[in-house]
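Inspection log for the structure reproduced underneath, given as structure tokens.
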Amino acid sequence: MTTSTTFDAPAVAPRRSAARARWLAVLRTPVGAGAGLLLALVLVLALVAPLLWSGQADRIDTSAVLQGASAEHWVGTDALGRDVFARVLVATRLSIGLALAATSIAVVLGLLLGCAPLLLGRRGGRLVTAGVNIAVAFPGLLLALFFAVVFGVGMTGAVLAIGFAGAPAFARLSQTLAAGIAERDFVAAARIAGVGRFRVLLRHVLPNIGEPLVVNATIGAGGALLAFAGLSFLGLGVQAPSYDWGRLLQDGLSGIYIHPVAALAPGVAIVVAGLAFNLFGEAVAKGIGLTTALGGGFAPGRASRREATRRDARRGAATEDQGLPVTDPGPEPGRPVLEVQDLSVTFPGAHGPVRPVRGVSFRIGRGEAVGVVGESGSGKSLTALAIARLVEQPGEVTAGRLHFQGADLLTGPDRAHRRLLGTSFAMVFQDPMTSFNPTRRIGRQLAEVAQEHQGMSRGAALARAVDRLRSVRVPAAERRAHQYPHEFSGGMRQRAMIGMGLMGEPSLIVADEPTTALDVTVQRQVLDLLAAVRAEDDVALLLISHDVAVVGQVCERVLVMYAGRVVEDLPADQLRTGARHPYTRALVAAVPDMDVDLDQPLPVIPGRPVDPAHQPPGCAYAPRCPLASARCTDEDPALDDDGAGWRVACWHAGEVAADRDVPGAAPVALALGERA
Amino acid sequence: MSELRFEGVSVRYGTRRRGMTAVDRVDLTVPDGAVVGLVGESGSGKSTLARAAVGLTPLSAGRILLDGEPLRRTSGPRPVQMVFQDPYSSLDPRMTIGDSVAEAVPRGIRSADRRREVARLLELVELDPSRAGAYPGQLSGGQRQRVALARALAARPQVVVADEITSALDVSIQGTVLNLVRRLQHELGTSMLFISHDLAVVRYVASEIAVMYLGRIVEHGPAAQVLGDPQHPYTRDLLAAVPGWSPAAPDTAVPPEVAAAEPADPHAPPPGCRYHPRCPVGPLARPEREVCRTTEPTTDHRHAAACHFAAAEQPLARAAD
Ligand SMILES: Nc1ncnc2c1ncn2[C@@H]1O[C@H](COP(=O)(O)OP(=O)(O)OP(=O)(O)O)[C@@H](O)[C@H]1O
Ligand code: SF4
Ligand code: SF4
Ligand SMILES: [Mg+2]
């Protein structure tokens with residue numbers, strides 16, 4: 001194993017500190033801090049108590065047998081006149097030590113069993129898995145008693161018994177965790193690179209399952225502590241003259257009628273120490289889960305419809321305190337379905353609030369198709385979620401104006417809004433897997449929408465669900481309606497999702513990357529489907545996509561977003577050749593189409609998108625813009641209307657860079673040097 | 001570099017009773033130094049073929065030859081390397097990128113040389129070698145995909161299989177990775193099987209194109225021919241569906257049965273020509289073409305296309321130029 005090269009670059013430091021920061025963050029929560037403190041106290045006690053109080057705990061005083069609590073003996077004395085309080089303190093070391101030893105045995109055994117399937121190959125692995133499954137089915141206490149009898153009465157026997165009894169649960173856990181890692185692509189890549197099974201386990205699997213295992217071992221230690229106390233109490237564990245809490249509990253119980261505190265004290269100790277392990281483990285698990293959920297960027301789910309919009313409805317406030325220009329929502333179509341002005345979304349960040357959507361304004365007319373394009377992270381999805389009021393805590397949505405079908409979504413009762421959105425507004429999401437409940441049949445999930453919002457009967461709703469599934473070209477719709485989401489292919493799930501959006505009678509469909517996962521032929525069908533729905537019922541469409549060609553083909557108007565702002569709002573037919581904003585031009589040029597010159601490198605946009613936490617003061621595109629001037633880095637350009645409804649936010653809109661004649665094509669030489 | 005040849009390769013998933021054939025009797029050659037683009041719809045078996053080529057999925061029939069020799073399982077890096085679609089899951093988040101690349105460098109190389117080799121590879125994919133100590137989490141998607149490429153090249157592969165390597169990337173980054181793939185291919189002469197569902201992307205990097213439908217290769221030939229003069233109706237449909245800049249004109253010639261046809265179920269592929277339930281020039285449109293329902297077409301046309309009526313359906317205008 002010495003052939004592996006290790007790089008010790010400074011980059012390791014920020015990562016380590018990130019992990020540390022995560023654990024520290026856990027300690028900052030009230031539960032985490034309390035449990036951590038308690039656990040530290042218990043561990044310190046385990047170390048020092050025998051040194052400090054052994055003499056007191058073992059001093060036999062026949063003149064003070066079975067005394068009650070007094071100033072001298074806080075919780076009284078036992079049958080030999082020994083101080084019970086001192087004994088409880090001293091017993092901490094043995095109790096904790098044995099619990100930890102048993103937990104270690106359980107974890108090590110569990111890990112071996114759990115990782116065995118990876119090493120043994122298919123058939124052997126199945127055998128081990130089946131064995132573990134059977135063992136897990138037995139109650140842990142029963143197993144512990146069984147093993148206690150097998151290994152014999154006494155301390156060693158009890159440690160082995162509890163360790164063995166705990167092993168199946170850890171085996172199952174590590175099996176699940178390891179299997180999850182083993183099917184990741186990096187393990188496949190390591191195999192192809194010639195890394196042996198054993199090394200794959202050591203280098204790739206174990207490090208990635210370490211954290212959850214440690215957390216669960218902490219929780220498990222609490223359980224082992226209780227189990228051990230139980231065995232000792234039954235006389236199967238620690239034998240006299242040694243003593244742990246279970247043993248003390250048994251001793252105390254024999255005199256419970258004379259003075260109950262002597263029995264209570266070890267009991268309290270067991271509960272407190274057990275709780276310390278458990279709570280700390282839970283707090284860490286929760287803390288880690290929380291940060292991983294937040295770590296992947298802003299990923300607001302759709303589960304809870306919140307009231308952020310209304311709560312923070314301070315008209316225009318968002319833009320005023322940011323110093324952003326108040327933007328005009330653009331041309332006023334006949335009867336706008338949706339009117340958005342100065343919409344912003346803010347999340348708390350490590351270094352002050354982060355604003356991934358900054359003052360977005362636009363209108364959508366009845367039956368109009370508007371596209372939104374931009375790179376990932378430009379705020380496209382968040383804008384859609386904010387309109388649908390699906391931005392979750394701790395995200396906050398502010399807006400100057402948010403009207404849907406003439407109703408002000410910023411004021412008025414939340415229930416009415418939900419009802420309005422439920423029937424007239426359809427949202428189709430990017431990732432259909434997370435939008436469906438994995439435990440319920442697709443048909444029922446679609447039917448539910450109609451039952452809840454349109455008051456349809458169960459049967460009628462299901463029939464409509466099948467009809468909608470058919471309309472989105474799900475093969476064998478009737479049979480498919482009875483299947484679960486995981487039985488659908490990715491593309492089919494996406495289509496079912498669109499079908500769900502069409503269950504009501506929407507006046508606006510917001511589709512967030514609805515065809516990203518689909519093939520061109522199916523994509524074409526889905527886009528045709530959306531177009532047909534639009535034409536039939538005069539439904540407006542807000543189509544979010546990173547594919548400018550798709551948007552250009554389907555929509556009438558296109559909003560181009562960059563760094564949380566709309567930087568251009570132009571007619572779709574002008575997208576390819578008439579765009580005025582340098583970013584729009586670069587974006588269009590970067591997408592290879594069927595006519596791209598094969599002898600030239602593809603034009604690329606140099607540099608990286610802006611990190612929402614570090615917005616530059618001037619135009620956000622300036623670091624990547626070939627037209628950037630001093631003014632651009634100082635002042636953020638406003639989204640100005642040209643009078644005909646074409647809006648651009650750029651100081652040099654429509655200009656062409658002097659040193660090249662291809663409009664929009666980013667400098668190729670420069671682009672190749674850049675490492676995006 | 002070398003020639004990779006699939007001969008009658010089939011891959012089955014599941015049991016004999018309740019299984020499905022994801023790849024069915026595929027013959028395909030990736031010539032020495034060429035880039036073969038493999039296109040086809042989702043579930044047509046592209047990734048399965050790729051995984052079979054690198055030995056991640058066992059074959060149920062046929063064989064895969066590298067320079068005429070059957071691929072064998074040896075210890076050490078395999079001669080066919082793969083770059084995966086999702087750079088976020090193909091790199092171990094707990095391993096530095098330098099270690100990830102070093103892992104694929106053939107064994108028996110001293111530590112110092114290994115380190116130099118890693119630096120060389122990172123430079124090759126236009127990454128700063130001083131970032132070898134970085135973790136994948138600190139890199140952008142495009143940078144991660146470069147690392148994945150470097151790792152594949154570290155194994156000194158004879159053939160590289162690239163499975164949808166740009167589809168998880170942002171448009172602004174996709175171009176840099178494609179440029180890199182082209183540059184590396186020109187410089188190193190790597191034979192490549194380049195899988196993508198995006199025809200424009202395949203057109204840009206591939207010298208030959210193979211089209212897959214329901215586990216079968218239905219058309220295969222030089223890129224310019226396949227795209228400029230498609231023989232198989234499925235290829236033509238694919239090309240027509242590519243979003244272009246002109247508003248899509250609805251295809252009036254397509255009979256409604258075909259337009260409404262449901263995508264095929266790979267668990268129950270149709271008999272005869274697999275494309276017949278969706279084919280605009282097949283039996284649904286032309287009842288006299290019953291042969292499509294019963295007999296599977298073979299590939300014996302100017303460039304290989306598995307369609308009974310490939311020649312007959314050739315647009316005359318196209319044939320002229
Ligand atoms: N491990 C597996 N077990 C069972 N069936 C599988 C497995 N992997 C793939 N399949 C099935 O095999 C068929 C071919 O899948 P494959 O992933 O090769 O398609 P693909 O062409 O790569 O599609 P995509 O473009 O979506 O990546 C599909 O029907 C799929 O459901
Ligand atoms: S304002 Fe300046 S930096 Fe921003 S896009 Fe326009 S020219 Fe470029
Ligand atoms: S063989 Fe028949 S059904 Fe198949 S593609 Fe050719 S014409 Fe269409
Ligand atoms: Mg695939």
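Convention: chains lettered A, B, ... in structure tokens order; per-chain residue numbering from 1; ligands numbered from 1 as shown.
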
* If we count only C-alpha atoms, what is near Ser424 of chain A at a cut-off of 12 Å, once residues fewer than 3 positions away on the same chain are taken out, given as an MDAnalysis selection string? -> chainID A and resid 337:338 388 404:405 407 416:421 427 449:450 453:454 501:510 537 539:540

* Compute the set of chain B residues within 7 Å of chain A, using only C-alpha atoms, and express it as a ChimeraX atom specification. => /B:41-42,54,75-78,81,89-92,94,98-99,102,104,111,115,126-127,132-134,142-143,155,170-173,175-176,179,197,200-201,204,238,241-248,262-263

Filtering to N, CA and C atoms, could you give me those residues as a short mmCIF file (atom, residue, chain, number, x, y, z; two decimals), in the first residue's frame?
```
data_model
loop_
_atom_site.label_atom_id
_atom_site.label_comp_id
_atom_site.auth_asym_id
_atom_site.auth_seq_id
_atom_site.Cartn_x
_atom_site.Cartn_y
_atom_site.Cartn_z
N GLU B 41 -32.08 7.10 -28.34
CA GLU B 41 -32.89 7.67 -27.27
C GLU B 41 -32.57 7.03 -25.93
N SER B 42 -33.12 7.60 -24.89
CA SER B 42 -32.89 7.11 -23.54
C SER B 42 -33.38 5.68 -23.44
N VAL B 54 -16.11 -1.73 -20.87
CA VAL B 54 -15.09 -1.60 -19.82
C VAL B 54 -15.20 -2.72 -18.79
N SER B 75 -5.16 -7.81 -13.87
CA SER B 75 -5.03 -6.88 -12.76
C SER B 75 -4.43 -5.61 -13.33
N GLY B 76 -4.58 -4.51 -12.58
CA GLY B 76 -4.08 -3.25 -13.09
C GLY B 76 -5.11 -2.57 -13.95
N PRO B 77 -4.80 -1.35 -14.40
CA PRO B 77 -5.76 -0.58 -15.17
C PRO B 77 -6.21 -1.32 -16.42
N ARG B 78 -7.47 -1.19 -16.74
CA ARG B 78 -7.98 -1.88 -17.93
C ARG B 78 -7.64 -1.07 -19.18
N GLN B 81 -10.86 2.55 -20.99
CA GLN B 81 -11.23 3.38 -19.86
C GLN B 81 -12.50 4.14 -20.16
N SER B 89 -20.55 12.53 -9.25
CA SER B 89 -20.53 11.23 -8.58
C SER B 89 -19.39 10.36 -9.06
N SER B 90 -18.65 10.79 -10.07
CA SER B 90 -17.59 9.91 -10.57
C SER B 90 -16.25 10.19 -9.90
N LEU B 91 -16.21 11.19 -9.02
CA LEU B 91 -14.98 11.43 -8.26
C LEU B 91 -15.29 11.26 -6.78
N ASP B 92 -14.41 10.54 -6.09
CA ASP B 92 -14.59 10.31 -4.66
C ASP B 92 -14.48 11.65 -3.93
N ARG B 94 -14.01 12.32 -0.99
CA ARG B 94 -13.05 12.37 0.12
C ARG B 94 -11.63 12.14 -0.33
N GLY B 98 -5.67 14.81 -7.09
CA GLY B 98 -4.37 14.22 -7.43
C GLY B 98 -4.36 12.73 -7.11
N ASP B 99 -4.89 12.36 -5.95
CA ASP B 99 -4.94 10.94 -5.58
C ASP B 99 -5.84 10.15 -6.51
N ALA B 102 -3.88 9.64 -9.57
CA ALA B 102 -2.74 8.75 -9.30
C ALA B 102 -3.19 7.30 -9.20
N ALA B 104 -5.13 5.70 -10.93
CA ALA B 104 -5.25 5.02 -12.22
C ALA B 104 -3.91 4.87 -12.93
N SER B 111 7.09 6.66 -6.55
CA SER B 111 6.22 7.71 -6.04
C SER B 111 6.50 9.05 -6.71
N ARG B 115 3.98 11.21 -9.14
CA ARG B 115 3.56 12.57 -8.87
C ARG B 115 3.77 13.44 -10.11
N GLU B 126 -5.61 20.88 -19.03
CA GLU B 126 -5.71 22.31 -18.78
C GLU B 126 -6.13 22.65 -17.37
N LEU B 127 -5.60 21.86 -16.42
CA LEU B 127 -5.82 22.21 -15.01
C LEU B 127 -4.46 22.55 -14.41
N ALA B 132 -3.55 19.80 -7.39
CA ALA B 132 -3.69 18.36 -7.17
C ALA B 132 -4.22 18.04 -5.79
N GLY B 133 -3.99 18.95 -4.83
CA GLY B 133 -4.43 18.69 -3.47
C GLY B 133 -5.87 19.09 -3.22
N ALA B 134 -6.51 19.63 -4.23
CA ALA B 134 -7.90 20.08 -4.05
C ALA B 134 -8.84 18.88 -4.01
N GLY B 142 -17.13 21.60 -14.81
CA GLY B 142 -16.25 21.44 -15.94
C GLY B 142 -14.86 20.99 -15.51
N GLN B 143 -14.40 21.56 -14.40
CA GLN B 143 -13.08 21.16 -13.89
C GLN B 143 -13.09 19.71 -13.44
N ALA B 155 -4.49 5.86 -17.07
CA ALA B 155 -4.38 4.41 -17.19
C ALA B 155 -3.74 3.99 -18.51
N ASP B 170 -23.07 22.80 -17.63
CA ASP B 170 -23.74 23.99 -18.10
C ASP B 170 -23.28 24.32 -19.52
N VAL B 171 -24.14 24.97 -20.30
CA VAL B 171 -23.79 25.27 -21.69
C VAL B 171 -22.49 26.02 -21.81
N SER B 172 -22.24 26.93 -20.87
CA SER B 172 -21.04 27.74 -21.01
C SER B 172 -19.79 26.89 -20.76
N ILE B 173 -19.94 25.77 -20.08
CA ILE B 173 -18.80 24.92 -19.74
C ILE B 173 -18.67 23.77 -20.73
N GLY B 175 -18.79 23.67 -23.85
CA GLY B 175 -17.91 23.98 -24.97
C GLY B 175 -16.45 23.75 -24.62
N THR B 176 -16.03 24.15 -23.41
CA THR B 176 -14.62 23.98 -23.04
C THR B 176 -14.26 22.50 -22.97
N ASN B 179 -14.08 21.16 -26.58
CA ASN B 179 -12.83 21.61 -27.20
C ASN B 179 -11.66 20.77 -26.71
N HIS B 197 -26.71 12.06 -26.38
CA HIS B 197 -28.03 12.12 -27.02
C HIS B 197 -28.14 13.39 -27.85
N ALA B 200 -25.90 17.55 -32.11
CA ALA B 200 -24.97 18.64 -32.45
C ALA B 200 -23.62 18.39 -31.78
N VAL B 201 -23.65 17.87 -30.58
CA VAL B 201 -22.41 17.57 -29.87
C VAL B 201 -21.66 16.43 -30.56
N TYR B 204 -19.98 17.40 -33.65
CA TYR B 204 -18.79 18.20 -33.46
C TYR B 204 -17.55 17.35 -33.19
N LEU B 238 -34.80 11.64 -35.86
CA LEU B 238 -33.91 12.24 -34.84
C LEU B 238 -33.42 13.60 -35.31
N ALA B 241 -35.94 16.30 -35.23
CA ALA B 241 -36.39 16.74 -33.90
C ALA B 241 -35.38 17.63 -33.21
N VAL B 242 -34.17 17.74 -33.76
CA VAL B 242 -33.18 18.61 -33.14
C VAL B 242 -33.72 20.03 -33.15
N PRO B 243 -33.76 20.67 -31.97
CA PRO B 243 -34.29 22.03 -31.97
C PRO B 243 -33.41 22.93 -32.81
N GLY B 244 -34.01 23.60 -33.74
CA GLY B 244 -33.24 24.49 -34.60
C GLY B 244 -33.72 25.90 -34.39
N TRP B 245 -33.26 26.80 -35.23
CA TRP B 245 -33.61 28.20 -35.02
C TRP B 245 -34.88 28.60 -35.73
N SER B 246 -35.20 27.89 -36.78
CA SER B 246 -36.46 28.20 -37.44
C SER B 246 -37.57 27.51 -36.65
N PRO B 247 -38.73 28.18 -36.50
CA PRO B 247 -39.82 27.54 -35.77
C PRO B 247 -40.15 26.20 -36.43
N ALA B 248 -40.34 25.16 -35.60
CA ALA B 248 -40.56 23.84 -36.14
C ALA B 248 -41.87 23.78 -36.91
N GLU B 262 -46.85 5.39 -29.19
CA GLU B 262 -46.20 5.46 -27.90
C GLU B 262 -44.76 4.98 -28.04
N PRO B 263 -43.87 5.59 -27.29
CA PRO B 263 -42.49 5.11 -27.33
C PRO B 263 -42.45 3.63 -26.96
#
```

* **Surrounding residues of segment 34-42 of chain A excluding itself and chain neighbours under 5 positions, 7 Å, only C-alpha atoms, as a ChimeraX atom specification** => /A:27,273,276-277,279-280

Selected residues written out with C-alpha atoms, as a PDB file, in the first residue's frame:
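Result went into out06.pdb, see below:
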```
ATOM      1  CA  LEU A  27     -22.452  22.289  19.350  1.00  0.00           C
ATOM      2  CA  ALA A 273     -25.357   8.896  30.717  1.00  0.00           C
ATOM      3  CA  ALA A 276     -26.016  12.045  26.899  1.00  0.00           C
ATOM      4  CA  PHE A 277     -24.876   9.531  24.260  1.00  0.00           C
ATOM      5  CA  LEU A 279     -28.958  13.060  22.407  1.00  0.00           C
ATOM      6  CA  PHE A 280     -25.480  13.926  21.240  1.00  0.00           C
TER       7      PHE A 280
END
```

* To do: List all protein, DNA and RNA residues that have at least one atom no more than 12 Å from any atom of ligand 2, counting only C-alpha atoms and all ligand atoms, and write them as a PyMOL selection string.
  => chain A and resi 560-563+565-568+579-586+616-640+648-657+664

* Option closest in space to ligand 3, from B:Pro230, B:Pro157, B:Gly62, B:Gly108 [counting only C-alpha atoms and all ligand atoms] ->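 Closest to ligand 3 of all the choices is B:Pro230.
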
* Asked: Can you tell me which residues sit at most 10 Å away from ligand 3, counting only C-alpha atoms and all ligand atoms, written as a PyMOL selection string?
  -> chain B and resi 218+231-235+272-286+289-298+305-313

* Hey, which residues come within 6 Å of ligand 1 if we count only C-alpha atoms and all ligand atoms? Could you give them as a list of chain:residue names? -> B:Tyr13, B:Gly14, B:Ala22, B:Glu41, B:Ser42, B:Gly43, B:Ser44, B:Gly45, B:Lys46, B:Ser47, B:Thr48, B:Pro266

Writer output for current selection, C-alpha atoms, as a short mmCIF file (atom, residue, chain, number, x, y, z; two decimals), in the first residue's frame:
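Final output, out.cif:
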```cif
data_model
loop_
_atom_site.label_atom_id
_atom_site.label_comp_id
_atom_site.auth_asym_id
_atom_site.auth_seq_id
_atom_site.Cartn_x
_atom_site.Cartn_y
_atom_site.Cartn_z
CA TYR B 13 -30.63 -7.77 -17.43
CA GLY B 14 -32.74 -9.68 -14.96
CA ALA B 22 -30.75 -4.06 -23.29
CA GLU B 41 -32.89 7.67 -27.27
CA SER B 42 -32.89 7.11 -23.54
CA GLY B 43 -32.97 3.43 -22.68
CA SER B 44 -31.75 2.32 -26.10
CA GLY B 45 -28.75 0.65 -24.48
CA LYS B 46 -25.95 3.13 -25.05
CA SER B 47 -24.68 3.13 -21.50
CA THR B 48 -25.07 -0.62 -21.28
CA PRO B 266 -37.73 -2.09 -24.11
#
```

* Can you list, as a count of residues only, every protein, DNA or RNA residue that comes within 12 Å of Ala50 of chain B when you count only C-alpha atoms, leaving out same-chain residues fewer than 2 positions away? -> 41

* helix (DSSP H, G or I) residues, from DSSP on the backbone, in segment 399-500 of chain A, as a ChimeraX atom specification -> /A:414-424,432-435,442-454,458-471,477-480,485-487,490-500

* Work out how far apart atom CA of Asp86 of chain B and atom CA of Glu513 of chain A are and give it in Å to one decimal. =>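 Between atom CA of Asp86 of chain B and atom CA of Glu513 of chain A the gap works out to 17.6 Å.
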
* Computed interatomic separation between atom CA of Asp27 of chain B and atom CA of Val177 of chain B (Å) -> 29.0 Å

* Residues at most 12 Å from Ala135 of chain A, counting only C-alpha atoms, excluding those fewer than 4 positions away in the same chain, as a ChimeraX atom specification? -> /A:110,113,128-131,139-140,142-144,164-172

Go ahead and dump the residues you just picked, N, CA, C and O atoms, as a PDB file, in the first residue's frame.
```
ATOM      1  N   GLY A 110     -20.018  -5.555  12.905  1.00  0.00           N
ATOM      2  CA  GLY A 110     -21.007  -5.077  11.940  1.00  0.00           C
ATOM      3  C   GLY A 110     -20.347  -4.628  10.655  1.00  0.00           C
ATOM      4  O   GLY A 110     -20.800  -4.937   9.560  1.00  0.00           O
ATOM      5  N   LEU A 113     -19.181  -7.679   8.678  1.00  0.00           N
ATOM      6  CA  LEU A 113     -20.316  -8.331   8.007  1.00  0.00           C
ATOM      7  C   LEU A 113     -20.885  -7.443   6.911  1.00  0.00           C
ATOM      8  O   LEU A 113     -21.265  -7.913   5.843  1.00  0.00           O
ATOM      9  N   VAL A 128     -24.295 -13.659   3.044  1.00  0.00           N
ATOM     10  CA  VAL A 128     -24.051 -12.823   4.221  1.00  0.00           C
ATOM     11  C   VAL A 128     -25.241 -11.901   4.463  1.00  0.00           C
ATOM     12  O   VAL A 128     -25.723 -11.746   5.589  1.00  0.00           O
ATOM     13  N   THR A 129     -25.723 -11.291   3.392  1.00  0.00           N
ATOM     14  CA  THR A 129     -26.845 -10.366   3.536  1.00  0.00           C
ATOM     15  C   THR A 129     -28.055 -11.076   4.129  1.00  0.00           C
ATOM     16  O   THR A 129     -28.713 -10.549   5.033  1.00  0.00           O
ATOM     17  N   ALA A 130     -28.324 -12.260   3.629  1.00  0.00           N
ATOM     18  CA  ALA A 130     -29.474 -13.008   4.139  1.00  0.00           C
ATOM     19  C   ALA A 130     -29.285 -13.312   5.621  1.00  0.00           C
ATOM     20  O   ALA A 130     -30.213 -13.143   6.425  1.00  0.00           O
ATOM     21  N   GLY A 131     -28.074 -13.730   5.990  1.00  0.00           N
ATOM     22  CA  GLY A 131     -27.787 -14.028   7.392  1.00  0.00           C
ATOM     23  C   GLY A 131     -28.025 -12.814   8.275  1.00  0.00           C
ATOM     24  O   GLY A 131     -28.671 -12.897   9.327  1.00  0.00           O
ATOM     25  N   PRO A 139     -35.149  -9.667  18.343  1.00  0.00           N
ATOM     26  CA  PRO A 139     -35.024  -8.527  19.254  1.00  0.00           C
ATOM     27  C   PRO A 139     -33.646  -8.526  19.887  1.00  0.00           C
ATOM     28  O   PRO A 139     -33.117  -9.591  20.255  1.00  0.00           O
ATOM     29  N   GLY A 140     -33.051  -7.333  20.006  1.00  0.00           N
ATOM     30  CA  GLY A 140     -31.683  -7.219  20.493  1.00  0.00           C
ATOM     31  C   GLY A 140     -31.513  -7.784  21.891  1.00  0.00           C
ATOM     32  O   GLY A 140     -30.528  -8.473  22.179  1.00  0.00           O
ATOM     33  N   LEU A 142     -33.165 -10.101  23.383  1.00  0.00           N
ATOM     34  CA  LEU A 142     -33.212 -11.568  23.350  1.00  0.00           C
ATOM     35  C   LEU A 142     -31.851 -12.123  22.935  1.00  0.00           C
ATOM     36  O   LEU A 142     -31.326 -13.066  23.539  1.00  0.00           O
ATOM     37  N   LEU A 143     -31.280 -11.491  21.912  1.00  0.00           N
ATOM     38  CA  LEU A 143     -29.966 -11.914  21.438  1.00  0.00           C
ATOM     39  C   LEU A 143     -28.933 -11.753  22.542  1.00  0.00           C
ATOM     40  O   LEU A 143     -28.100 -12.638  22.770  1.00  0.00           O
ATOM     41  N   ALA A 144     -29.008 -10.619  23.247  1.00  0.00           N
ATOM     42  CA  ALA A 144     -28.025 -10.349  24.301  1.00  0.00           C
ATOM     43  C   ALA A 144     -28.120 -11.420  25.376  1.00  0.00           C
ATOM     44  O   ALA A 144     -27.094 -11.965  25.826  1.00  0.00           O
ATOM     45  N   PHE A 164     -22.059  -8.737  20.421  1.00  0.00           N
ATOM     46  CA  PHE A 164     -22.603  -9.609  19.373  1.00  0.00           C
ATOM     47  C   PHE A 164     -24.052  -9.269  19.065  1.00  0.00           C
ATOM     48  O   PHE A 164     -24.474  -9.276  17.912  1.00  0.00           O
ATOM     49  N   ALA A 165     -24.802  -8.956  20.149  1.00  0.00           N
ATOM     50  CA  ALA A 165     -26.211  -8.655  19.932  1.00  0.00           C
ATOM     51  C   ALA A 165     -26.380  -7.367  19.132  1.00  0.00           C
ATOM     52  O   ALA A 165     -27.332  -7.216  18.369  1.00  0.00           O
ATOM     53  N   GLY A 166     -25.439  -6.425  19.296  1.00  0.00           N
ATOM     54  CA  GLY A 166     -25.558  -5.166  18.575  1.00  0.00           C
ATOM     55  C   GLY A 166     -25.046  -5.254  17.146  1.00  0.00           C
ATOM     56  O   GLY A 166     -25.342  -4.386  16.315  1.00  0.00           O
ATOM     57  N   ALA A 167     -24.254  -6.294  16.860  1.00  0.00           N
ATOM     58  CA  ALA A 167     -23.600  -6.378  15.548  1.00  0.00           C
ATOM     59  C   ALA A 167     -24.573  -6.393  14.361  1.00  0.00           C
ATOM     60  O   ALA A 167     -24.328  -5.701  13.378  1.00  0.00           O
ATOM     61  N   PRO A 168     -25.675  -7.167  14.413  1.00  0.00           N
ATOM     62  CA  PRO A 168     -26.535  -7.216  13.228  1.00  0.00           C
ATOM     63  C   PRO A 168     -27.045  -5.846  12.793  1.00  0.00           C
ATOM     64  O   PRO A 168     -27.065  -5.541  11.599  1.00  0.00           O
ATOM     65  N   ALA A 169     -27.417  -5.014  13.781  1.00  0.00           N
ATOM     66  CA  ALA A 169     -27.931  -3.699  13.413  1.00  0.00           C
ATOM     67  C   ALA A 169     -26.852  -2.890  12.692  1.00  0.00           C
ATOM     68  O   ALA A 169     -27.119  -2.240  11.672  1.00  0.00           O
ATOM     69  N   PHE A 170     -25.624  -2.948  13.203  1.00  0.00           N
ATOM     70  CA  PHE A 170     -24.553  -2.210  12.537  1.00  0.00           C
ATOM     71  C   PHE A 170     -24.201  -2.841  11.192  1.00  0.00           C
ATOM     72  O   PHE A 170     -23.820  -2.152  10.257  1.00  0.00           O
ATOM     73  N   ALA A 171     -24.325  -4.176  11.123  1.00  0.00           N
ATOM     74  CA  ALA A 171     -24.054  -4.842   9.845  1.00  0.00           C
ATOM     75  C   ALA A 171     -25.039  -4.346   8.798  1.00  0.00           C
ATOM     76  O   ALA A 171     -24.652  -3.990   7.681  1.00  0.00           O
ATOM     77  N   ARG A 172     -26.304  -4.283   9.184  1.00  0.00           N
ATOM     78  CA  ARG A 172     -27.320  -3.815   8.249  1.00  0.00           C
ATOM     79  C   ARG A 172     -27.024  -2.389   7.815  1.00  0.00           C
ATOM     80  O   ARG A 172     -27.053  -2.048   6.631  1.00  0.00           O
TER      81      ARG A 172
END
```

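Minimum distance to Val397 of chain A across A:Val150, A:Val108, A:Val354, A:Leu343 (counting only C-alpha atoms) occurs at A:Leu343.
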
* To do: Would you please work out which residue, of A:Ser381, A:Gln67, A:Ser232, A:Ser174, is nearest to Asn216 of chain A when using only C-alpha atoms?
  => A:Ser174
